[in-house]
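Peer 1: Input input34.txt, format and content: compact mmCIF, C-alpha atoms and all ligand atoms.
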# COMPACT_ATOMS: atom_id res chain seq x y z
CA MET A 224 -3.63 1.16 0.25
CA PRO A 225 -3.37 0.50 -3.48
CA PHE A 226 0.02 -1.20 -3.22
CA GLN A 227 1.01 -3.45 -0.36
CA ILE A 228 3.87 -5.81 0.38
CA ILE A 229 2.70 -8.78 2.42
CA THR A 230 4.17 -12.06 3.61
CA GLY A 231 2.67 -15.49 2.99
CA ASP A 232 1.49 -18.15 0.59
CA ILE A 233 -0.08 -16.64 -2.53
CA THR A 234 -2.36 -19.65 -3.05
CA ARG A 235 -4.35 -18.69 0.04
CA LEU A 236 -5.14 -15.14 -0.99
CA GLU A 237 -8.71 -13.97 -1.40
CA VAL A 238 -8.15 -11.67 -4.33
CA ASP A 239 -9.65 -11.51 -7.81
CA ALA A 240 -6.48 -12.80 -9.46
CA ILE A 241 -3.16 -14.28 -8.45
CA VAL A 242 -0.21 -14.24 -10.81
CA ASN A 243 1.78 -17.40 -11.49
CA ALA A 244 5.52 -17.29 -12.20
CA ALA A 245 5.29 -20.00 -14.84
CA ASN A 246 7.56 -21.32 -17.61
CA THR A 247 6.92 -21.07 -21.36
CA SER A 248 5.16 -24.46 -21.52
CA LEU A 249 2.51 -23.37 -18.96
CA LEU A 250 2.33 -27.02 -17.97
CA GLY A 251 3.43 -26.60 -14.38
CA GLY A 252 6.74 -26.78 -12.56
CA GLY A 253 8.23 -26.20 -9.11
CA GLY A 254 8.19 -23.16 -6.81
CA VAL A 255 5.11 -20.99 -6.83
CA ASP A 256 3.95 -22.61 -10.10
CA GLY A 257 3.85 -26.04 -8.43
CA ALA A 258 2.10 -24.63 -5.36
CA ILE A 259 -0.58 -22.95 -7.49
CA HIS A 260 -1.27 -26.11 -9.53
CA ARG A 261 -1.48 -28.21 -6.36
CA ALA A 262 -3.91 -25.82 -4.71
CA ALA A 263 -6.03 -25.22 -7.82
CA GLY A 264 -6.41 -28.91 -8.69
CA PRO A 265 -6.05 -30.85 -12.00
CA LYS A 266 -8.58 -28.73 -13.92
CA LEU A 267 -6.06 -25.89 -13.99
CA LEU A 268 -3.59 -28.03 -15.95
CA GLU A 269 -6.39 -29.08 -18.30
CA GLU A 270 -7.14 -25.44 -19.13
CA CYS A 271 -3.43 -24.59 -19.37
CA ARG A 272 -3.05 -27.27 -22.07
CA THR A 273 -5.48 -25.34 -24.26
CA LEU A 274 -3.32 -22.18 -24.10
CA HIS A 275 -0.35 -23.60 -26.08
CA GLY A 276 2.32 -21.98 -23.95
CA CYS A 277 3.33 -18.41 -23.32
CA GLU A 278 6.36 -16.36 -24.35
CA VAL A 279 8.71 -14.73 -21.88
CA GLY A 280 7.27 -11.37 -20.78
CA GLN A 281 3.73 -12.26 -21.92
CA ALA A 282 0.69 -13.28 -19.81
CA LYS A 283 -2.38 -15.53 -20.18
CA ALA A 284 -5.34 -16.04 -17.86
CA THR A 285 -7.23 -19.14 -16.65
CA GLY A 286 -9.84 -19.81 -14.00
CA GLY A 287 -8.79 -20.26 -10.38
CA TYR A 288 -10.64 -23.58 -9.79
CA ASN A 289 -10.07 -24.67 -6.17
CA LEU A 290 -8.18 -21.50 -5.30
CA PRO A 291 -9.89 -18.65 -3.42
CA ALA A 292 -8.84 -16.41 -6.35
CA ARG A 293 -11.18 -16.14 -9.36
CA TYR A 294 -8.36 -16.09 -11.95
CA VAL A 295 -4.80 -17.22 -12.32
CA ILE A 296 -2.73 -14.99 -14.59
CA HIS A 297 0.20 -17.01 -15.87
CA THR A 298 3.26 -15.05 -16.86
CA VAL A 299 6.82 -16.04 -17.68
CA GLY A 300 9.69 -14.05 -16.25
CA PRO A 301 13.20 -14.07 -17.73
CA ILE A 302 16.01 -16.34 -16.56
CA TRP A 303 18.76 -14.14 -15.04
CA ARG A 304 21.89 -14.25 -17.23
CA GLY A 305 23.85 -11.45 -15.62
CA GLY A 306 21.60 -8.55 -16.59
CA GLY A 307 22.85 -7.93 -20.13
CA SER A 308 20.26 -10.01 -21.97
CA GLY A 309 17.24 -7.75 -21.72
CA GLU A 310 16.16 -9.24 -18.37
CA GLU A 311 14.87 -5.95 -16.97
CA GLU A 312 12.69 -5.21 -20.01
CA LEU A 313 11.32 -8.75 -20.02
CA LEU A 314 10.54 -8.70 -16.30
CA THR A 315 8.88 -5.28 -16.70
CA SER A 316 6.75 -6.73 -19.53
CA ALA A 317 5.78 -9.72 -17.40
CA TYR A 318 4.44 -7.42 -14.66
CA ARG A 319 2.86 -4.91 -17.06
CA ASN A 320 1.14 -7.53 -19.22
CA SER A 321 -0.20 -9.31 -16.14
CA LEU A 322 -1.59 -6.05 -14.78
CA MET A 323 -3.18 -5.16 -18.13
CA LEU A 324 -4.79 -8.59 -18.30
CA ALA A 325 -6.12 -8.20 -14.74
CA ALA A 326 -7.62 -4.83 -15.75
CA GLU A 327 -9.16 -6.41 -18.86
CA LYS A 328 -10.77 -9.05 -16.60
CA GLU A 329 -12.07 -6.21 -14.40
CA CYS A 330 -10.14 -7.41 -11.37
CA GLU A 331 -10.20 -5.10 -8.39
CA SER A 332 -7.38 -6.91 -6.64
CA VAL A 333 -4.37 -8.86 -7.87
CA ALA A 334 -1.46 -10.52 -6.09
CA PHE A 335 2.04 -11.13 -7.49
CA PRO A 336 4.79 -13.41 -6.31
CA MET A 337 8.36 -12.21 -6.86
CA ILE A 338 8.53 -13.27 -10.50
CA SER A 339 11.94 -14.68 -11.59
CA ALA A 340 13.39 -14.25 -8.08
CA GLY A 341 13.43 -18.02 -7.36
CA VAL A 342 14.60 -20.75 -9.72
CA TYR A 343 15.18 -18.18 -12.50
CA GLY A 344 17.83 -16.51 -10.33
CA TYR A 345 16.97 -12.80 -10.71
CA PRO A 346 18.67 -10.96 -7.80
CA PHE A 347 15.96 -10.16 -5.26
CA ASP A 348 16.66 -6.44 -4.81
CA LYS A 349 16.78 -5.87 -8.58
CA ALA A 350 13.59 -7.88 -9.10
CA LEU A 351 11.92 -5.87 -6.33
CA ARG A 352 12.85 -2.59 -8.03
CA VAL A 353 11.34 -3.76 -11.34
CA ALA A 354 8.20 -5.01 -9.58
CA THR A 355 7.55 -1.83 -7.58
CA ASP A 356 8.41 0.56 -10.44
CA THR A 357 6.11 -1.25 -12.86
CA ILE A 358 3.25 -1.55 -10.38
CA ARG A 359 3.59 2.10 -9.38
CA ALA A 360 3.50 3.23 -13.04
CA PHE A 361 0.40 1.13 -13.66
CA LEU A 362 -1.37 2.54 -10.59
CA GLN A 363 -0.90 6.07 -11.92
CA ASP A 364 -3.83 5.50 -14.24
CA HIS A 365 -5.64 2.44 -12.88
CA GLU A 366 -7.68 1.83 -9.73
CA MET A 367 -6.67 -1.56 -8.37
CA GLN A 368 -5.44 -3.17 -5.17
CA VAL A 369 -2.07 -4.76 -5.92
CA TYR A 370 -0.24 -7.05 -3.51
CA LEU A 371 3.36 -8.17 -3.78
CA VAL A 372 3.60 -11.42 -1.84
CA ILE A 373 6.91 -12.27 -0.20
CA PHE A 374 6.99 -15.99 0.55
CA SER A 375 9.74 -15.84 3.09
CA ARG A 376 10.52 -12.65 4.96
CA SER A 377 14.17 -13.71 5.33
CA SER A 378 14.60 -13.56 1.54
CA PHE A 379 13.59 -9.88 1.46
CA ARG A 380 16.37 -7.54 0.27
CA PHE A 381 16.18 -3.91 -0.74
CA ASP A 382 18.73 -1.23 -1.64
CA ASP A 383 21.90 -2.25 0.26
CA ASP A 384 23.26 1.28 0.74
CA ILE A 385 20.02 2.62 2.20
CA TYR A 386 19.66 -0.49 4.36
CA SER A 387 23.05 -0.19 6.04
CA ASP A 388 22.82 3.58 6.54
CA LEU A 389 19.27 3.25 7.89
CA SER A 390 20.30 0.41 10.23
CA ARG A 391 22.99 2.66 11.71
CA TYR A 392 20.47 5.50 12.10
CA VAL A 393 17.96 3.23 13.82
CA ARG A 394 20.62 1.89 16.21
CA ALA A 395 21.73 5.40 17.09
CA ASN A 396 18.27 6.89 17.55
CA LEU A 397 15.88 4.24 18.76
CA GLU A 398 15.24 4.42 22.47
CA GLU A 399 15.52 1.03 24.12
CA ASP A 400 12.13 0.49 25.71
CA GLU A 401 9.14 0.65 23.44
CA PRO A 402 6.17 2.12 25.32
CA ARG A 403 3.08 0.01 25.84
CA SER A 404 1.20 1.92 23.14
CA SER A 405 3.79 0.90 20.51
CA PHE A 406 3.56 -2.66 21.70
CA LEU A 407 -0.19 -2.59 21.19
CA GLY A 408 0.37 -0.87 17.86
CA ASN A 409 2.59 -3.75 16.79
CA ILE A 410 -0.09 -6.26 17.64
CA ALA A 411 -2.61 -4.34 15.53
CA LYS A 412 -0.06 -4.14 12.73
CA SER A 413 0.75 -7.82 12.73
CA ILE A 414 -2.93 -8.58 12.29
CA ALA A 415 -3.20 -6.13 9.42
CA PHE A 416 -0.02 -7.25 7.65
CA GLY A 417 -0.22 -11.01 8.20
CA GLY A 418 2.91 -12.94 8.73
CA THR A 419 4.90 -10.18 10.36
CA SER A 420 4.68 -11.91 13.68
CA GLY A 421 3.17 -15.15 12.67
CA LYS A 422 -0.32 -13.62 12.64
CA ARG A 423 -2.76 -14.06 9.80
CA ASP A 424 -3.37 -11.31 7.21
CA SER A 425 -7.02 -10.46 6.67
CA ILE A 426 -6.86 -11.33 2.98
CA PHE A 427 -5.46 -14.80 3.57
CA SER A 428 -8.15 -17.44 3.34
CA SER A 429 -8.68 -19.69 6.31
CA GLY A 430 -10.21 -22.23 3.98
CA ARG A 431 -12.15 -22.72 0.80
CA GLY A 432 -15.30 -20.64 0.57
CA ALA A 433 -14.28 -17.77 2.80
CA MET A 434 -15.87 -14.62 1.45
CA LYS A 435 -13.86 -11.90 -0.26
CA LYS A 436 -16.31 -9.33 1.05
CA GLU A 437 -15.41 -10.25 4.61
CA ALA A 438 -11.78 -9.80 3.75
CA ARG A 439 -12.48 -6.34 2.43
CA ALA A 440 -14.52 -5.45 5.47
CA SER A 441 -11.76 -6.52 7.82
CA GLU A 442 -9.25 -4.64 5.70
CA ALA A 443 -11.36 -1.52 5.96
CA MET A 444 -11.23 -1.81 9.75
CA ARG A 445 -7.65 -0.62 9.70
CA GLU A 446 -8.85 2.93 9.23
CA GLU A 447 -10.58 4.34 12.27
CA PRO A 448 -13.66 6.16 11.02
CA LEU A 449 -15.80 3.49 9.46
CA GLU A 450 -18.28 5.45 7.49
CA GLU A 451 -19.41 2.88 5.03
CA SER A 452 -22.35 4.83 3.67
CA ALA A 453 -22.47 7.07 0.65
CA ASP A 454 -19.11 6.10 -0.79
CA GLU A 455 -20.40 6.82 -4.24
CA ASP A 456 -21.91 10.18 -3.27
CA ILE A 457 -18.60 11.58 -2.20
CA LEU A 458 -16.42 10.23 -4.97
CA CYS A 459 -13.65 12.55 -6.03
CA ASP A 460 -14.65 15.42 -8.19
CA GLU A 461 -11.35 17.14 -8.59
CA GLU A 462 -12.80 20.09 -10.43
CA LYS A 463 -15.06 21.02 -7.53
CA PRO A 464 -13.71 24.04 -5.64
CA ARG A 465 -13.13 23.26 -1.96
CA LYS A 466 -15.23 26.20 -0.74
CA GLU A 467 -18.39 24.77 -2.23
CA THR A 468 -18.28 21.72 0.02
CA PRO A 469 -21.04 22.62 2.50
CA GLU A 470 -19.37 21.05 5.52
CA PHE A 471 -16.16 22.90 4.86
CA ALA A 472 -17.91 26.19 4.26
CA GLY A 473 -19.92 25.67 7.45
CA ALA A 474 -16.90 24.77 9.51
CA ALA A 475 -14.90 27.71 8.15
CA MET A 476 -17.75 30.16 8.88
CA ALA A 477 -18.18 28.78 12.37
CA GLN A 478 -14.48 29.15 13.01
CA ALA A 479 -14.35 32.68 11.63
CA SER A 480 -17.32 33.88 13.69
CA MET A 481 -15.97 32.23 16.84
CA LEU A 482 -12.59 33.91 16.59
CA ALA A 483 -14.09 37.22 17.69
CA ALA A 484 -16.09 35.77 20.59
CA PRO A 485 -14.46 35.76 24.03
CA MET A 486 -13.91 32.19 25.26
CA GLN A 487 -15.70 32.69 28.63
CA ASN A 488 -19.00 33.51 26.92
CA MET A 489 -19.03 30.28 24.92
CA SER A 490 -21.10 27.23 25.52
CA LEU A 491 -19.25 23.91 25.38
CA ALA A 492 -20.71 23.34 21.93
CA GLN A 493 -19.42 26.69 20.73
CA ALA A 494 -16.01 26.10 22.26
CA LEU A 495 -15.79 22.78 20.47
CA GLU A 496 -16.52 24.54 17.21
CA ASN A 497 -13.64 26.89 17.90
CA LEU A 498 -10.96 24.32 17.15
CA ASP A 499 -7.73 24.67 15.23
CA GLU A 500 -7.61 23.84 11.55
CA SER A 501 -8.40 20.12 11.27
CA PHE A 502 -6.26 17.44 9.65
CA SER A 503 -8.55 17.38 6.64
CA GLN A 504 -8.51 21.16 6.22
CA ALA A 505 -4.72 21.28 6.60
CA LEU A 506 -4.26 18.52 4.03
CA LEU A 507 -6.41 20.24 1.42
CA ARG A 508 -4.79 23.60 2.08
CA MET A 509 -1.30 22.17 1.64
CA ILE A 510 -2.26 20.36 -1.56
CA ASP A 511 -3.52 23.67 -2.94
CA GLU A 512 -0.48 25.61 -1.74
CA ARG A 513 1.76 23.21 -3.63
CA GLY A 514 -0.33 23.48 -6.77
CA MET A 515 -0.82 19.72 -6.71
CA LYS A 516 -3.81 17.89 -8.08
CA ASP A 517 -5.66 15.82 -5.48
CA SER A 518 -4.97 12.65 -7.44
CA GLU A 519 -1.28 13.45 -7.67
CA CYS A 520 -1.16 13.74 -3.90
CA TYR A 521 -3.15 10.65 -2.92
CA LYS A 522 -1.38 8.48 -5.47
CA LYS A 523 1.99 9.63 -4.21
CA ALA A 524 0.75 8.81 -0.70
CA ASN A 525 -0.39 5.31 -1.76
CA ILE A 526 -3.91 6.14 -0.56
CA ASP A 527 -6.90 4.98 -2.53
CA ARG A 528 -9.36 7.39 -4.11
CA LYS A 529 -12.31 6.38 -1.92
CA LEU A 530 -10.44 7.03 1.28
CA PHE A 531 -9.22 10.37 -0.01
CA SER A 532 -12.82 11.28 -0.86
CA LYS A 533 -13.90 10.45 2.69
CA ILE A 534 -11.16 12.64 4.09
CA ARG A 535 -12.05 15.45 1.73
CA GLY A 536 -15.73 15.20 2.54
CA ASP A 537 -15.38 15.09 6.33
CA VAL A 538 -13.77 18.07 7.98
CA HIS A 539 -13.49 16.11 11.24
CA TYR A 540 -12.06 12.94 9.70
CA ARG A 541 -9.78 11.02 12.09
CA PRO A 542 -7.05 9.27 10.12
CA SER A 543 -4.67 6.55 11.27
CA LYS A 544 -1.10 7.63 11.99
CA GLN A 545 0.10 5.76 8.88
CA THR A 546 -2.30 7.77 6.75
CA VAL A 547 -1.07 11.09 8.15
CA LEU A 548 2.55 10.08 7.60
CA ALA A 549 1.80 8.93 4.05
CA PHE A 550 0.39 12.37 3.23
CA ALA A 551 3.30 14.09 5.01
CA VAL A 552 5.65 12.19 2.68
CA ALA A 553 3.54 12.95 -0.40
CA LEU A 554 3.52 16.64 0.50
CA GLU A 555 7.27 16.51 1.18
CA LEU A 556 6.93 18.13 4.59
CA SER A 557 9.96 18.90 6.73
CA LEU A 558 10.29 17.11 10.06
CA GLU A 559 8.88 20.11 11.90
CA GLU A 560 5.93 20.36 9.51
CA THR A 561 5.34 16.61 9.85
CA GLU A 562 5.19 16.98 13.63
CA SER A 563 2.58 19.72 13.47
CA PHE A 564 0.59 17.84 10.81
CA LEU A 565 0.57 14.72 13.03
CA LYS A 566 -0.54 16.83 15.98
CA LYS A 567 -3.68 17.87 14.10
CA ALA A 568 -4.74 14.24 14.14
CA GLY A 569 -3.62 13.69 17.74
CA TYR A 570 -0.29 11.92 17.04
CA ALA A 571 3.42 12.60 17.53
CA LEU A 572 6.72 11.14 16.35
CA SER A 573 8.53 9.16 19.01
CA HIS A 574 12.06 7.80 19.26
CA ALA A 575 10.62 4.88 21.17
CA SER A 576 8.95 3.73 17.94
CA LYS A 577 11.12 2.03 15.32
CA SER A 578 8.72 2.93 12.57
CA ASP A 579 8.81 6.63 13.53
CA VAL A 580 12.61 6.59 13.54
CA ILE A 581 12.62 5.03 10.06
CA VAL A 582 10.23 7.64 8.67
CA GLU A 583 12.28 10.37 10.34
CA TYR A 584 15.43 9.03 8.62
CA PHE A 585 13.85 9.36 5.18
CA ILE A 586 12.44 12.84 5.86
CA ASN A 587 15.81 14.03 7.20
CA ASN A 588 17.45 12.73 4.03
CA GLY A 589 14.88 14.41 1.78
CA ASN A 590 13.91 11.01 0.39
CA TYR A 591 10.15 11.24 -0.15
CA ASP A 592 9.71 8.07 -2.17
CA LEU A 593 6.88 6.32 -0.35
CA TYR A 594 7.56 2.97 -2.03
CA THR A 595 11.16 2.98 -0.81
CA ILE A 596 10.03 4.02 2.67
CA ASN A 597 7.52 1.17 2.71
CA GLU A 598 10.17 -1.31 1.56
CA ALA A 599 12.33 -0.16 4.47
CA LEU A 600 9.43 -0.42 6.92
CA TYR A 601 8.69 -3.92 5.63
CA ALA A 602 12.36 -4.93 5.98
CA PHE A 603 12.22 -3.81 9.63
CA ASP A 604 8.90 -5.59 10.20
CA GLN A 605 6.92 -2.37 10.69
CA SER A 606 3.50 -1.24 9.48
CA LEU A 607 3.56 0.31 6.02
CA LEU A 608 2.46 3.87 5.30
CA GLY A 609 -0.86 4.46 3.61
CA ALA A 610 -4.38 3.53 4.58
N1 LIG B 701 3.54 -18.03 -2.46
C1 LIG B 701 4.25 -16.90 -2.74
N2 LIG B 701 5.49 -16.91 -3.22
C2 LIG B 701 6.07 -18.11 -3.43
C3 LIG B 701 5.40 -19.34 -3.18
C4 LIG B 701 4.08 -19.26 -2.68
N3 LIG B 701 3.37 -20.36 -2.40
N4 LIG B 701 6.25 -20.36 -3.49
C5 LIG B 701 7.39 -19.79 -3.91
N5 LIG B 701 7.29 -18.43 -3.87
P1 LIG B 701 9.87 -19.42 -8.43
P2 LIG B 701 10.74 -18.14 -10.93
C6 LIG B 701 8.28 -17.41 -4.24
O1 LIG B 701 11.07 -20.27 -8.43
O2 LIG B 701 12.02 -17.72 -10.31
C7 LIG B 701 8.93 -22.92 -11.77
O3 LIG B 701 9.39 -24.22 -11.82
C8 LIG B 701 9.74 -17.78 -4.23
O4 LIG B 701 10.25 -17.70 -2.90
O5 LIG B 701 8.56 -20.07 -8.13
O6 LIG B 701 10.00 -17.15 -11.76
C9 LIG B 701 8.29 -22.49 -13.07
O7 LIG B 701 7.60 -23.53 -13.71
C10 LIG B 701 10.33 -16.71 -5.13
O8 LIG B 701 10.59 -15.50 -4.40
O9 LIG B 701 9.65 -18.71 -9.88
C11 LIG B 701 9.46 -22.01 -13.88
O10 LIG B 701 10.10 -23.08 -14.51
C12 LIG B 701 9.21 -16.41 -6.13
O11 LIG B 701 8.05 -17.03 -5.60
C13 LIG B 701 10.37 -21.42 -12.85
O12 LIG B 701 10.05 -22.04 -11.61
C14 LIG B 701 9.46 -16.98 -7.52
O13 LIG B 701 10.13 -18.22 -7.44
C15 LIG B 701 10.11 -19.94 -12.67
O14 LIG B 701 11.07 -19.39 -11.81
Could you show the structure in this file as structure tokens?
Ligand code: AR6

Peer 2:
Amino acid sequence: MPFQIITGDITRLEVDAIVNAANTSLLGGGGVDGAIHRAAGPKLLEECRTLHGCEVGQAKATGGYNLPARYVIHTVGPIWRGGGSGEEELLTSAYRNSLMLAAEKECESVAFPMISAGVYGYPFDKALRVATDTIRAFLQDHEMQVYLVIFSRSSFRFDDDIYSDLSRYVRANLEEDEPRSSFLGNIAKSIAFGGTSGKRDSIFSSGRGAMKKEARASEAMREEPLEESADEDILCDEEKPRKETPEFAGAAMAQASMLAAPMQNMSLAQALENLDESFSQALLRMIDERGMKDSECYKKANIDRKLFSKIRGDVHYRPSKQTVLAFAVALELSLEETESFLKKAGYALSHASKSDVIVEYFINNGNYDLYTINEALYAFDQSLLGA
């Protein structure tokens, strides 16, 4: 998923770049700045001295030294003075300039702390809005994996009105006993989203020298069908008409010819061909029906281009439940449509699952903003939507 909120210590992340919430001197300080300098070692300060400071809202890069990250991007957020001193614009610039610098350095992954939300006093929920809006805008025309790292889950705050209304909805609708499958789902989730239950996230380093590739491989394991081959061969070509994809044409022809055949005369193989429209077929059909571009849909769903290409290229693709729900939100499906879309991939919504109740709340309210939904899921310690 291109954008993810995770919990933990940013200095341990195996990403191409981590961002430092520094001050204008760039000579170190407390908070995340102090933690980064301690973990990187004295050479970081040596290089910082050569940079001659940094203005509020600007960003400068150094090496990562003893950190697992290759680069540190130092930015300076604004001090909160009540909101009337251009704080929002300056915080937006701090995020945007850091992202642009990461792109310039050809980083594929970058992790941010909550800039200005500590010593500089920016209210957390307002800082979160600036962070997610700026990252989302950047991801509209850049391919990158961006993490927002929350140091302490208890500090997490998002839109107060939504939070209290959603809490009431969850209390009223969540069935008491979670079934065993949800319990197992939560274990899987806590491994994928480190820190949620004290478990380790796959991108957190266990020590110096751990390989980034391994982190990516374990990240990829979240999605069920692990078809690692031919990624490049099936990259998105949005101009290509669906019907020309041989597998789709083949599957459609097989389905059409089978419709006329009586079931009792079929071999098992034929019967298996005579299946309902698959998840992948339904997704592509609904994108077309809405006149959406593929990229518009997968970006809205917070799904990366490679995964979308796999889904598009494999008529029998088996997605995770979070992936199906992310597309349901991107396509703005009603609750009923979401149920039948989930069914195509073998899932259902359940009132025994907190995460399902949360998603249901947003769909019922016609709120299809995936970033807000993910903030809510994070606040309730649930797996985020997307890949
Ligand atoms: N990993 C991730 N997040 C962290 C970590 C960590 N290891 N440590 C703290 N945070 P702050 P600011 C969170 O105060 O508000 C420094 O002295 C923390 O919980 O570090 O931009 C600089 O030199 C909070 O949510 O940065 C400046 O003088 C967020 O990081 C000044 O502080 C930012 O908190 C900058 O203040």

Peer 1: Looking at A:Ala354, A:Ile228, A:Ile373, A:Val582, which one is nearest to ligand LIG 701 (chain B), with distances taken over only C-alpha atoms and all ligand atoms?

Peer 2: A:Ile373

Peer 1: What residues of the protein or nucleic acid chains come within 10 Å of ligand LIG 701 (chain B) when you use all atoms listed in the file? Reply as number ranges by chain.

Peer 2: A: 229-236, 241-259, 262, 298-303, 314, 334-347, 350-351, 371-379

Peer 1: Produce the centre coordinates and the three edge lengths, each in Å to one decimal, of the box along x, y and z that contains all listed atoms of range 327-339 of chain A with 8 Å added on each side, as AutoDock Vina command-line options.

Peer 2:
--center_x -0.1 --center_y -9.9 --center_z -12.5 --size_x 40.0 --size_y 25.6 --size_z 28.8

Peer 1: Skipping near chain neighbours, those fewer than 5 positions away, what residues fall within 10 Å of Phe564 in chain A using only C-alpha atoms, listed as number ranges by chain?

Peer 2: A: 501-502, 505-506, 547-548, 550-551, 556, 558-559, 569-571

Peer 1: Provide the CA of Ile296 in chain A to CA of Ala284 in chain A distance in Å, to one decimal place.

Peer 2: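 Result for CA of Ile296 in chain A versus CA of Ala284 in chain A: 4.3 Å, one decimal.
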
Peer 1: I'd like the neighbourhood of Tyr294 in chain A as a ChimeraX atom specification, where a residue qualifies if any of its atoms comes within 6 Å (using only C-alpha atoms), though same-chain residues fewer than 6 positions away should be ignored.

Peer 2: /A:240,285-287

Peer 1: If I take CA of Ser543 in chain A and CA of Ala568 in chain A, how far is one from the other in Å, to one decimal?

Peer 2: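 Between CA of Ser543 in chain A and CA of Ala568 in chain A the gap is 8.2 Å.
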
Peer 1: With all atoms listed in the file as the atoms that count, which of A:Met224, A:Leu290, A:Leu491, A:Cys271 lies nearest to Gln368 in chain A?

Peer 2: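 Closest residue, counting all atoms listed in the file: A:Met224.
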
Peer 1: For Tyr318 in chain A, work out the shell of residues within 8 Å, counting all atoms listed in the file and skipping chain neighbours fewer than 3 positions away, then give it as an NGL selection string.

Peer 2: :A and (280 or 314-315 or 321-322 or 354 or 357-358)

Peer 1: For CA of Tyr370 in chain A and CA of Gln227 in chain A, quote the distance in Å rounded to one decimal.

Peer 2: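 Going from CA of Tyr370 in chain A over to CA of Gln227 in chain A, I get 4.9 Å.
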